[in-house]
There are 2 protein chains.
Amino acid sequence: MLIAAPKVPRPPASAIDRAKLALEQRVGASRVITDPNGCATYGEDESEVAAVTPDMVVLAESADHVAATLAVAAEHRIPVTPRAGGTGRTGGAVPVAGGIVLATASLARVKEVNRDDMLVVVEPGVVTGELHALVEREGLFYPPDPNSLEHCMIGGNVAENAGGPRALKYGVTREYVLGLEVALMGGTRLRTGRRTVKGVTGYDMTALFVGSEGTLGVFTEITLRLVSKPAEIATVLALFSDARAAGQAVTDVLRAGLVPRCLELMDARTLGAVRAQGVAIDERAGALLLAEVDGDSALVEAQVARLGETLSGAKGLVALQAAQDAAQRGRLWATRRALSPATKRMAKHKLSEDVVVPRSRIPELLERVDAISAATGVRALTYGHAGDGNLHVNFLWDDDAERPAVDDALHRLMKDTVAVGGTLTGEHGIGVTKAAYLPLEQSSELIAVQQGLKRTFDPHELLNPGKIFPVR
Amino acid sequence: MLIAAPKVPRPPASAIDRAKLALEQRVGASRVITDPNGCATYGEDESEVAAVTPDMVVLAESADHVAATLAVAAEHRIPVTPRAGGTGRTGGAVPVAGGIVLATASLARVKEVNRDDMLVVVEPGVVTGELHALVEREGLFYPPDPNSLEHCMIGGNVAENAGGPRALKYGVTREYVLGLEVALMGGTRLRTGRRTVKGVTGYDMTALFVGSEGTLGVFTEITLRLVSKPAEIATVLALFSDARAAGQAVTDVLRAGLVPRCLELMDARTLGAVRAQGVAIDERAGALLLAEVDGDSALVEAQVARLGETLSGAKGLVALQAAQDAAQRGRLWATRRALSPATKRMAKHKLSEDVVVPRSRIPELLERVDAISAATGVRALTYGHAGDGNLHVNFLWDDDAERPAVDDALHRLMKDTVAVGGTLTGEHGIGVTKAAYLPLEQSSELIAVQQGLKRTFDPHELLNPGKIFPVR
């Protein structure tokens, strides 16, 4: 069973007809899809949110097309849902109010790769994995690596402030966005930020747009800071008797001054799912940590040695192995990347949450997830970016009749996360699926201030309506 | 000669009297300074902006005092200028419209130092250097290190998004602010952000407040992320024939994948100032680079070796030396830190700018500064955080009659900075001194959007008026 889209009023048919006509004139008829079958493929993303077929889709190929669409939309009061790769996990690209889907997938030029200033200027439709490959050929490195990197697009990554395993050492998308070209509802075009790594001129408008989930503006150009590509990578795998021991080891590693690029955790149920795929894992293991370090060879060697020292002294350690060889590393990571589809195969429906807790509270959160599962009868498994405290708690179910129990489990998870000092989402965003829980974390004053900001950009609530804030 | 404060209307005397009465009741008479001599010491900061004596000063000792002051101010329409350490360089703490100075220096508790979650919760009046010492005793590290660290306060650092030499490796203040408690004009209190290293719930309100120069809200509590204290530090000093060669070496070092924690440059005129203090520097040297690396001993050793390799092959190298011993390091840095007062002694007046350019454009900017100096007759010397492209261009003058030439030089510097793809300020903020130049860098649309945001927080423009935006 899917999550129902919030009930946001759709625009009247007469306004839609006038907007269609205007868009065909200003953007070109070949770039405006109006037949319902064509539109239907733009009605959903990779969340469990029920599809909503938009009234039309604009396939933007230039910043002018984007600005023109937003001008027409404002004039005729038509909702607009921006869309890049459509791989979001919280319904951010689902056009819950119908109207226009503004697709930026064809706005996909790489405008500049600057080796000396270590930056790249791209359009929003560039696929993240392709950006990785492109800059790495130049000896450069773009760290954010969301799980969907082979399909997701940089525009969506910026809109959601995407993370990924490497965020532990390198930070999330926000840390790499130097500047933006944004089109606002109404068609005004802004250039925010800069080409320099430092700069404090005016308010940090770039940071306000990053992670705003398509509700404040539509990106037409993105300037990203790059770093040098690390020369070498090594992976260390540690098995623990239980998740509490693994959680303590995470704290030990970071307190030792080590900054692995990733520090991933899998709980006992996740190990079960991996074992069910035929991967042999020591039967004594009730939790797994995967640490990856990078840098020059001397640095990597020193870090692997320090990791070994720290982990070999950890309580509850069952086994420890270092994989410095590429094939072995690839196998470990293939398993990690396959986890998401694998868990999806375990049940008809899956909700993958991405709560974050202070690192020291990871064991407590894992215990609370066990308790939630026991109380509601909903299967749960947890893995994720433990170094950041960012855990993917997955709820699995097959039968529509289980849905009230799943809702109950989700609500308990959100409450427990906030209770241990955490936050609802570390990388997926609030979107549709978590909007109802926003007041658990944020005060009504903070929500009101954000809605006030939103209105300065979009007084008629036309840009990506129904997202982030609870629908009245 | 000082820079005149912008003409912002002062509140009527009757409103001031009513506000005084209300504040004495709500905050306590002992915390409200009203005599002109007492008020006068709160009229200036460390910029060249002319002092303006406020009508009263509130010495806040609690978040309640801050909120009450902002409530009274809103009710009686009295301007409020927040102030922490008062060490700003652009006039941000000068109460140009009179009214209330809201001093947070006595709001200075360290509420929590959390070793496991690697964070600290402090009030805005904590001195930055004292915070450094405090967390370093716990094996932790707060990287931002503005030059004024012995006197500046963390509240001001957050308001200005302060940097410092170590920003090259560690980033600026923004990268460390996890969450804020803010009081808004009118007295509403907000909690933004979180205690976790990751989190994308709602808009990035924390980033919007960081660097907003006291125009959007007043901080009453700040949660800062910490990292592990690096075990060792080593310093490498390289002398070059000229600034162009040194600028190229900066690019070479970073392209080699090295990330020193600092990479500081001094131009020929700055070397002259240092020599004049009796420090012996090779006479062939026309530029100096100071690189500092940190980490575990193995890592530091590896980095010093790589730095040596890279720099010894650089064009125009005159001399290269590594200082791994603490006393030698201390001497090198004492010179660097003494630069600012030393240049102040070279002339009666000094304007220290902090423009930023893309790293590859550093040599070009230095040439343009030479040309500006030649064209205007104003003495200039340049040093700064070359790894970030963040250069302190200092204009020096003695005689009031030179002032029009200084204005001309400043205007040319700002235009040239923008022309080479740079930004007006990397760490000092816009404040009063650069407000007139904002339109050189930002479009009228971008400025209007920022002013629109400002109005949602402060519709009557009472909070730190006359800052950032050009006064009509």
# chains A, B, ... in the order shown; residues from 1 in each chain; ligands from 1
>>> interface_residues(of="chain B", to="chain A", cutoff="7 Å", atoms="only C-alpha atoms", output="NGL selection string")
:B and (116-117 or 161 or 190 or 194-204 or 207-208 or 211-212 or 228 or 251 or 255 or 257 or 298-299 or 302 or 356-360 or 388 or 421-427 or 429-430 or 445-446 or 450 or 452-453 or 456 or 468)
>>> select_by_dssp(residues="region 272-400 of chain B", states="alpha helix (DSSP H)", output="PyMOL selection string")
chain B and resi 272-276+297-312+326-346+362-376
>>> closest_residue(among="A:Ala159, A:Leu410, A:Glu130, A:Ser62", to="Ala93 (chain A)", atoms="only C-alpha atoms")
A:Ala159
>>> atom_distance(atom1="CA of Gly85 (chain B)", atom2="CA of Val158 (chain B)")
11.7 Å
>>> select_by_dssp(residues="region 111-329 of chain A", states="strand (DSSP E or B)", output="ChimeraX atom specification")
/A:111-114,119-122,127,140-141,153,177-183,189-193,218-225,227-228,232-240,262-267,287-295,317-323
>>> write_last_selection(atoms="C-alpha atoms", output="CSV table (one decimal), in the first residue's frame")
chain,number,residue,atom,x,y,z
A,111,LYS,CA,30.0,24.1,-18.7
A,112,GLU,CA,33.5,24.2,-17.1
A,113,VAL,CA,35.9,21.9,-15.4
A,114,ASN,CA,38.6,24.1,-13.8
A,119,LEU,CA,35.7,23.6,-9.4
A,120,VAL,CA,33.1,22.5,-12.0
A,121,VAL,CA,30.1,24.4,-13.4
A,122,VAL,CA,27.3,22.1,-14.4
A,127,VAL,CA,24.0,12.5,-13.5
A,140,LEU,CA,39.8,15.8,-9.1
A,141,PHE,CA,37.1,14.4,-6.8
A,153,MET,CA,21.1,14.1,-10.9
A,177,VAL,CA,28.0,24.1,-3.6
A,178,LEU,CA,29.8,27.4,-4.1
A,179,GLY,CA,27.2,29.1,-6.2
A,180,LEU,CA,23.9,28.7,-7.9
A,181,GLU,CA,21.9,30.2,-10.7
A,182,VAL,CA,18.3,29.9,-9.6
A,183,ALA,CA,15.0,30.8,-11.3
A,189,ARG,CA,16.8,34.8,-12.3
A,190,LEU,CA,19.3,35.1,-9.5
A,191,ARG,CA,23.0,34.3,-9.2
A,192,THR,CA,23.9,33.4,-5.6
A,193,GLY,CA,27.3,32.6,-4.1
A,218,VAL,CA,14.7,25.9,-9.6
A,219,PHE,CA,18.4,25.5,-10.2
A,220,THR,CA,19.7,26.2,-13.7
A,221,GLU,CA,23.4,26.2,-13.0
A,222,ILE,CA,25.5,24.9,-10.2
A,223,THR,CA,29.1,25.7,-9.3
A,224,LEU,CA,30.7,22.9,-7.3
A,225,ARG,CA,33.9,22.9,-5.3
A,227,VAL,CA,39.0,18.4,-4.0
A,228,SER,CA,42.0,16.3,-5.2
A,232,GLU,CA,44.6,5.2,-2.5
A,233,ILE,CA,41.8,3.7,-0.6
A,234,ALA,CA,41.7,0.8,1.9
A,235,THR,CA,38.8,-0.9,3.6
A,236,VAL,CA,38.6,-2.4,7.1
A,237,LEU,CA,35.8,-4.7,8.1
A,238,ALA,CA,35.0,-5.5,11.7
A,239,LEU,CA,32.4,-8.0,13.0
A,240,PHE,CA,31.0,-7.5,16.5
A,262,CYS,CA,33.1,6.1,5.6
A,263,LEU,CA,32.2,4.2,8.7
A,264,GLU,CA,29.2,2.0,7.9
A,265,LEU,CA,27.2,-0.2,10.3
A,266,MET,CA,24.8,-3.1,9.6
A,267,ASP,CA,22.7,-4.6,12.4
A,287,ALA,CA,26.8,-6.4,13.8
A,288,LEU,CA,29.3,-5.2,11.2
A,289,LEU,CA,31.4,-2.1,10.8
A,290,LEU,CA,32.9,-1.2,7.4
A,291,ALA,CA,35.5,1.5,7.6
A,292,GLU,CA,37.2,3.1,4.5
A,293,VAL,CA,40.2,5.4,4.6
A,294,ASP,CA,41.8,7.3,1.7
A,295,GLY,CA,44.7,9.5,0.8
A,317,LEU,CA,35.0,-7.8,18.5
A,318,VAL,CA,34.5,-11.1,16.7
A,319,ALA,CA,36.7,-10.7,13.6
A,320,LEU,CA,38.7,-8.0,11.9
A,321,GLN,CA,40.0,-7.9,8.3
A,322,ALA,CA,41.6,-5.3,6.1
A,323,ALA,CA,40.9,-5.3,2.3
>>> residues_around(residues="Arg472 (chain B)", least_positions_apart="2", cutoff="12 Å", atoms="only C-alpha atoms", output="PDB file with C-alpha atoms, in the first residue's frame")
ATOM      1  CA  PRO B   6      25.769  56.090   7.375  1.00  0.00           C
ATOM      2  CA  LYS B   7      23.001  58.524   8.182  1.00  0.00           C
ATOM      3  CA  VAL B   8      20.275  56.383   9.694  1.00  0.00           C
ATOM      4  CA  PRO B   9      17.510  58.277  11.541  1.00  0.00           C
ATOM      5  CA  ALA B 435      27.856  48.265   2.019  1.00  0.00           C
ATOM      6  CA  ALA B 436      28.266  50.791  -0.767  1.00  0.00           C
ATOM      7  CA  PRO B 465      20.302  48.998  10.818  1.00  0.00           C
ATOM      8  CA  GLY B 466      22.741  50.446   8.294  1.00  0.00           C
ATOM      9  CA  LYS B 467      24.669  47.183   7.867  1.00  0.00           C
ATOM     10  CA  PHE B 469      22.788  46.819   2.465  1.00  0.00           C
ATOM     11  CA  PRO B 470      23.487  50.262   0.986  1.00  0.00           C
TER      12      PRO B 470
END
>>> atom_distance(atom1="CA of Ser312 (chain B)", atom2="CA of Gly278 (chain B)")
27.0 Å
>>> atom_distance(atom1="CA of Thr310 (chain A)", atom2="CA of Gly247 (chain A)")
13.5 Å
>>> residues_around(residues="Met346 (chain A)", least_positions_apart="2", cutoff="12 Å", atoms="only C-alpha atoms", output="list in words")
Arg269, Thr270, Gly272, Ala273, Val274, Ala276, Gln277, Leu339, Ser340, Pro341, Ala342, Thr343, Lys344, Lys348, His349, Lys350, Arg379, Ala380, Leu381, Asn394, Phe395, Leu396, Trp397 and Asp398 of chain A
>>> residues_around(residues="Ala97 (chain A)", least_positions_apart="3", cutoff="10 Å", atoms="only C-alpha atoms", output="list in words")
Ala5, Pro6, Lys7, Val8, Pro9, Arg10, Pro11, Val52, Thr53, Pro54, Asp55, Ile78, Pro79, Val80, Thr81, Val94, Ile100, Leu462, Asn464, Pro465 and Gly466 of chain A
>>> closest_residue(among="A:Val96, A:Ala280, A:Leu307, A:Ala375", to="Val49 (chain A)", atoms="only C-alpha atoms")
A:Val96
